[in-house]
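Presented below is the structure to which this report refers.
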Amino acid sequence: MLGSIIAAGLASGAVYALVGVTYNTMFSTSRVMSFTAGQLAMLGGVFGSMFTLKLGLPLIAGFLLTLVLCAIIGIITEFIAVRPVLKSLDQHLYVLSTLAVALMIQQVAAIKWGTEPQPFPRLLGLGSGVWDEKFWLPVLACAITIAALEYLYRRTLVGRAFLAIAEDNFAARALGLPERNLRIASYALAGIIGGVAGYSSGELLLAFFANGALLNFYGFVPVALGGLGNNRGSIVGGLALGLFQQAANFLVGGIFSSVAVFALFIVVLLAAPQGVFGGGTVRRV
Amino acid sequence: MAVVTASPAKSEVAKSEVTSEVTSEANGWRAALPHVAPFAGVIALAVLLPLVGNDYWALIGTRMAIYWVLVSGLNLVVGFAGHLAIGYVALLTLGAYTTSVLVAGNVMPPVPVFLALPIAAVVGAIFGVIVGLPALRLRTFYFAMSTLGFATIVTQIALAWQSVTGGGIGIAGPEFPAPFNTAWGFYFLCVVIAAFTTWLSANVARSRFGRALIAVRDAEVAAEANGIFKPKMLISIFLVAGACAAVAGGLFASLQTYITPDAFTFDLSVLFFIAILIGGRGSILGPLLGTMILTILPEIAAPLAAWSTFLYAVLLLLIVLVMPGGIAALLDFRNRRPLASNRAIVPRSAALADIVRRSKGGKALALRGVSLSFGNVKAIDGLDLDVAPGQIHGLIGPNGSGKTTTLNVISGYYAAKAGSMTLGADALPPGMPALRATRGIARTFQTPRVIGEASVLQNVMIGGTVEGRASFVEALLALPRNAQDERMLAAKARALLGVVGLEALADVRADRLQHSELRFIEIARALMLDPDFLLLDEPAAGLSNNEIERLGELIKAISARGTGVLLVEHHADLIFDICHQVTVLNLGRILAAGTPAEIRVHKEVVSAYLGG
C-alpha cells in the first residue's frame, strides 16, 4: 500500500512540478502567470494520443510533433495574450487574456477531440505494479527537464540571458539583450516543458480535455508553495503535493483529499504569502 | 486606467480665470434621473414580458434574473474591488446543493424552502470569505486561482459524496409553494429577488464603502493612507457576493428541477465574469446589460451553442485588448465632452476657515533617533525631528538623503528599525499605515495617487472615509445614517474643491486632468480629514511658477488653521518663503536645522545642497 501511495504520489507530483516549472518559465521573462500552463500539459497528452494512436505515426515522430505544436501554441500565446497587456501589468489584464486563450484551447480540444478520456499509447512497455512505466516516466521526465534547464541556465549564453531578464528586466535591456526575442523563446520553451509534462503522464492521466483546468490549479499549488519563479521550490512543492494528495486519498478517501489539497493551498498562502522557499518582495511606495 | 501618474503638464497654463463649466446644481431628482431611468426601463421590460411571451420566454427571463442575482453580488468583487473571481460557479453549486439537500431532507429533517434559501445564503457567505482569503494579502492571480481551485473541488465533491448529493445521479431541486410553482410565478419571484440584490449592491456602490473598494483597486497605497482597511472591506463584500451566489444557486436548482454536477459547468463561471467585464468596471447598469445579452445570445444563435464558450473566450480577449472600459464607458457621454484647455487653478485659501475645523493643536509630532536601512544602505540614521502644530516644517536635502523615507516612516509604510515616534503624549506605532488617518495624519504622494476612473469629487470624498459613521450594514440597507454621511462628505468635498480652485472639475473623471490639478486634488483629499498634521511630498514638482506661488499661499493658510505641515520639497524658494523651520538631510543624517534665515547661510548646506 505504501509503495503504491509513493509511486502514484511521486508520479502525479512530478506532473504538478513540471506544470509549475511551465508557469515559472513564462513568468521569468514576462512577469505574467499564464493560465495556458495546464492546457499545454493537457495538449501534450491529447497530441501524443492523436499522432500515435489516431494517425499511426511512429512514437518518436509523434513525440517531436507534439513538442513542436506545444511550442507553437506557447509562441501564439505570447503574441496574442501577453505582449498586448505587458504595458499595464499592474492591472492584471493578463489574467483575463491568458484565461481567454486557455478557454479557447480547452473548447477546441473538447469539440475536436471529444469530451471523453481517451487512451494513450503504451510508450516503452516496461515494468508492472508500482514499477509500471506510467509511474516512473513522469518522474524521469521531470528529472531530465530539470537537468536540461540547469544546463541551459548555468552553462549557455542564452540561458544566462534568460536569468538576466528574470533578475532585472530594465538592466538586461540596457545591456542590449534582445528582450522580446528571449521572451518569445521562453514561451516556446514553456510550451515544450508543458508538452513533456502531458506526454510523459499520458498513460497516467489519459488524453482528456478536462485535464487542462485540473492541472492549471494543481500545477499552480507548487508555484504558490515554492514562491513565484522559483523552479527548485516548484519541484519540491510539486512532489510534496503529489505525495500529500495520495496519502490524503488513502487516509480520508477521495471526497476529502481534494478538500485537503485546497485547504493546504489556502493555509500556505495565508501563512507564507511569498511561498515556503521565498520570493521577492515588491517596493510599494 | 489605474492610478494616474501623469507627467508634468507641458501646456502653458493661461492666466485667465477659470472658464466655469455650468455645474448643474439642479434638485436631486433631476440629477438622479439618468441613473435611475435605465433600471426602471429594465424593470418595466421584466413586468411586460409575460404579456408578449410564452413559457419559453419565462424560462429565459427567469434564468436571466437568477444569473443577475449572482452577478450583482459578484460585480462588487470583480467590478468594484477589481479581484478576478473566475470560479464563482462553485458558489452557485454550493447554494444549489445546500438548498436542495435541506429541502429534500436526506441529511436532517426537511426544511421549508423559504428557510433553506437564507441558510444557503449564510453558507455561501462563509465560503465566499474562505475562497477570498488569499485576496486579502496577495496579488489578484492567487485569488483567481483559489476560485478556480474551489470550482474544481466542489464539482469533485458533488460527484463523490453520493450519500448527500446523489453523486452523478443527482438530486431533485427544491420546489416552491404556490403561487411560485408556475413558470410565471417563479419568474416574478426571481425578478423581485434580483431587484432586491440590485438595490443592495447599488447601495454599497454609492456609499463610502463602494468608493473605498475602487480606491483599494486603483490606488491601494493612497487608500491605506486614508484609513481604508483592505481586508475588512474585502471580507464585507465577499460575504455579500457569496450570499447572493448561494441564493442564485437555490433558485437555479429549482429552475432545473433536478441537478447533477454536470449542470454546473465552468462555462457558467465564464459567463458571469465576462458579463461584468463587458458591462464595464465600477458600473451596475453595464453588467446588468451584459448579463442579459449573454443569456440571450446562445438562444438566438442556436447553431453556435456548442461553441458558446469559445465565443465567450474570444469576446473576453477582445474586451481586454480593444475595449477595457466595456459598455459603461460607451454610455459615459458626459466624459467625452472636451474640457476647457486654458483652465487655471485659483485656490481660495480664505474659504478654508469655513470648512476645515481648527485643529485642536497642542500635540507635537516628534521623532527621536529613528533609523531605517535597506540592506546595507542606511536610508535614515538616527533622525530627530519635531513638527509643531500650526507650523510649516521644511525637509530638504539632495536626492537619496532620506526625505521621502522619513515621510513613509511617519505614515507607517516603513517600520523604523530603531527610535520612537510620538504624537503628543502617545506613541505612534511603527508600520500600520491604515491607522494614521484616525490619528489625524494625512499625506500626499510624490507622484499623485488618484483613482483615474472615479470623478474628481469622489476622489476627494475618499479622504473622508474615516469620518463616516454608518456601518457597512447600514450602507447596504441604505439606512438614514449612511445618507447623512454621504451628504456631509459630498458637501465638504465640494467646498474643499472650491478652496483649491477646482470646483468646476468636480464631476470630471480624474484621469482626464493635468498633473498640476492632480496635485491640488490630493491636497483637497488630505484636507477632508481636518488633519492635525499634513505631510506633503514634493507638492510643487511639475507646477508652473504661478501655481507654486498659489500653492505656497494655500499651505500657509492650512497651517494657520493649526495644522502642522511637513513639507518635502526641492524648490528652495518655496521652502524659504513659507517655512517656519527647516531641516536639511544628507545621507540619512541631519546636516542642519533651524530657521530659513539660518539655513540659507549655513556653510555646509550651501556647499552640499544649495550651491552658490
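A note on labels: chains of the C-alpha cells are A, B, ... as shown, every chain counts residues from 1, and ligands are counted from 1 in their shown order.
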Using only C-alpha atoms, determine which residues lie at most 8 Å from range 22-26 of chain A, disregarding the query and same-chain residues fewer than 2 positions distant; provide the list as an MDAnalysis selection string. chainID A and resid 18:20 28:34 37 183 186:187 189:191 193:194 220 223 228:231
So that I have them on file, write out the residues from the current selection with C-alpha atoms, as a PDB file, in the first residue's frame.
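For reference, out12.pdb as written:
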ATOM      1  CA  LEU A  18       6.516  20.269 -14.394  1.00  0.00           C
ATOM      2  CA  VAL A  19       3.390  22.379 -14.824  1.00  0.00           C
ATOM      3  CA  GLY A  20       4.751  24.601 -12.059  1.00  0.00           C
ATOM      4  CA  SER A  28      10.507  34.709 -15.539  1.00  0.00           C
ATOM      5  CA  THR A  29      10.712  36.722 -18.739  1.00  0.00           C
ATOM      6  CA  SER A  30       7.332  38.439 -18.684  1.00  0.00           C
ATOM      7  CA  ARG A  31       6.089  38.671 -15.060  1.00  0.00           C
ATOM      8  CA  VAL A  32       2.919  37.028 -16.325  1.00  0.00           C
ATOM      9  CA  MET A  33       1.275  33.993 -14.756  1.00  0.00           C
ATOM     10  CA  SER A  34      -0.399  32.362 -17.710  1.00  0.00           C
ATOM     11  CA  ALA A  37       0.281  26.226 -18.451  1.00  0.00           C
ATOM     12  CA  ARG A 183      10.528  36.310 -24.187  1.00  0.00           C
ATOM     13  CA  SER A 186      10.822  31.382 -23.162  1.00  0.00           C
ATOM     14  CA  TYR A 187       7.195  30.904 -24.212  1.00  0.00           C
ATOM     15  CA  LEU A 189      10.354  26.629 -24.029  1.00  0.00           C
ATOM     16  CA  ALA A 190       7.383  26.689 -21.675  1.00  0.00           C
ATOM     17  CA  GLY A 191       5.298  25.062 -24.397  1.00  0.00           C
ATOM     18  CA  ILE A 193       8.034  21.721 -20.927  1.00  0.00           C
ATOM     19  CA  GLY A 194       4.233  21.645 -20.714  1.00  0.00           C
ATOM     20  CA  PHE A 220      -0.115  26.296  -9.514  1.00  0.00           C
ATOM     21  CA  VAL A 223       4.308  27.554  -7.508  1.00  0.00           C
ATOM     22  CA  LEU A 228       6.878  32.663  -7.883  1.00  0.00           C
ATOM     23  CA  GLY A 229       9.659  31.978 -10.350  1.00  0.00           C
ATOM     24  CA  ASN A 230      11.490  29.563  -8.055  1.00  0.00           C
ATOM     25  CA  ASN A 231      11.944  26.324 -10.020  1.00  0.00           C
TER      26      ASN A 231
END
Near range 461-471 of chain B, counting only C-alpha atoms, which residues have an atom at most 6 Å away, once you skip same-chain residues fewer than 5 positions from it, shown as an NGL selection string? :B and (226 or 481-482 or 485 or 489 or 493 or 525-526 or 528-529)
Distance cut-off 6 Å, counting only C-alpha atoms - which residues of chain A neighbour chain B? Return them as a ChimeraX atom specification. /A:97,100,104,107,217,255,258
Would you list, as number ranges by chain, the residues of range 68-259 of chain A that end up in helix (DSSP H, G or I) under DSSP run on this structure's backbone? A: 68-91, 93-113, 129-131, 133-155, 157-167, 169-174, 179-200, 202-205, 211-226, 231-252, 254-259
Hey, what's within 9 Å of Val101 in chain A if we count only C-alpha atoms and toss same-chain stuff fewer than 5 positions away? As a list in words, please?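 Counting only the stated atoms, we get Phe35, Thr36, Thr77, Ile80, Ala81, Leu96 and Gln106 of chain A; Ala313, Val314 and Leu317 of chain B.
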For the atom pair CA of Leu241 in chain A and CA of Pro222 in chain A, what is the interatomic distance in Å to one decimal place? 7.1 Å
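Those residues that approach Ala8 in chain A to within 7 Å, counting only C-alpha atoms, are Ser4, Ser12, Phe135 and Gln246 of chain A; same-chain residues fewer than 4 positions away are not listed.
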Export, as a compact mmCIF listing (two decimals), in the first residue's frame, the selected residues with N, CA and C atoms.
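Writing done, so here's again-v2.txt:
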# COMPACT_ATOMS: atom_id res chain seq x y z
N SER A 4 2.41 1.85 -3.36
CA SER A 4 1.59 2.44 -4.41
C SER A 4 1.28 3.91 -4.11
N SER A 12 2.23 11.74 -9.93
CA SER A 12 1.39 12.93 -10.14
C SER A 12 2.13 14.17 -9.66
N PHE A 135 4.14 5.24 -13.84
CA PHE A 135 4.52 5.94 -12.62
C PHE A 135 5.90 6.59 -12.74
N GLN A 246 -1.97 11.85 -2.48
CA GLN A 246 -2.19 10.40 -2.48
C GLN A 246 -2.37 9.86 -1.07
Would you pick out the contacts of range 48-55 of chain A at 7 Å or less, using only C-alpha atoms, so that residues sharing its chain but fewer than 5 positions from it are not included, and give the list as number ranges by chain? A: 62-63, 66, 119-121, 199, 207
If you measure from CA of Val247 in chain B to CA of Gly124 in chain B, what distance in Å do you get, rounded to one decimal?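 These atoms are spaced 8.1 Å apart.
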All residues 9 Å or closer to range 252-256 of chain B, only C-alpha atoms, same chain fewer than 5 positions away omitted, as a ChimeraX atom specification: /B:59,62-63,66-67,92-93,95-97,99-100,172-176,183,186,247,263
Write the selection just made, keeping C-alpha atoms, as a tab-separated table (two decimals), in the first residue's frame?
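In the end it all went to out-v2.tsv:
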chain	number	residue	atom	x	y	z
B	59	LEU	CA	-37.58	30.24	-18.77
B	62	THR	CA	-36.05	33.51	-15.08
B	63	ARG	CA	-32.58	32.36	-15.99
B	66	ILE	CA	-31.12	34.20	-11.47
B	67	TYR	CA	-27.81	34.89	-13.17
B	92	LEU	CA	-23.68	28.69	-7.26
B	93	THR	CA	-23.18	24.92	-7.00
B	95	GLY	CA	-26.03	27.14	-2.90
B	96	ALA	CA	-27.92	24.80	-5.22
B	97	TYR	CA	-26.89	21.67	-3.33
B	99	THR	CA	-30.90	24.31	-0.72
B	100	SER	CA	-31.80	21.04	-2.44
B	172	ALA	CA	-34.23	16.93	-7.04
B	173	GLY	CA	-34.20	20.71	-6.82
B	174	PRO	CA	-36.38	22.48	-4.24
B	175	GLU	CA	-39.99	23.14	-5.12
B	176	PHE	CA	-41.55	26.46	-4.24
B	183	ALA	CA	-43.44	29.29	-14.67
B	186	PHE	CA	-41.44	31.64	-10.21
B	247	VAL	CA	-29.32	32.28	-3.24
B	263	ALA	CA	-25.32	21.26	-14.68
Tell me, as a list of chain:residue names, which residues lie within 8 Å of Tyr153 in chain A, counting only C-alpha atoms; anything in the same chain fewer than 5 positions away does not count. A:Val158, A:Gly159, A:Arg160, A:Phe162, A:Leu163
From B:Ala81, B:Arg337, B:Thr198, B:Ala593, residue lying nearest Met233 in chain B [only C-alpha atoms]: B:Ala81
One decimal place gives the CA of Ile72 in chain A-CA of Ile105 in chain A separation as 12.8 Å
So, counting only C-alpha atoms, which residue among B:Ala434, B:Val36, B:Ala305, B:Ala194 is closest to Lys230 in chain B? B:Ala434
Between B:Gly611, B:Gly325, B:Gly412, B:Gly419, single out the one closest to Leu367 in chain B, counting only C-alpha atoms.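 Nearest to Leu367 in chain B: B:Gly419.
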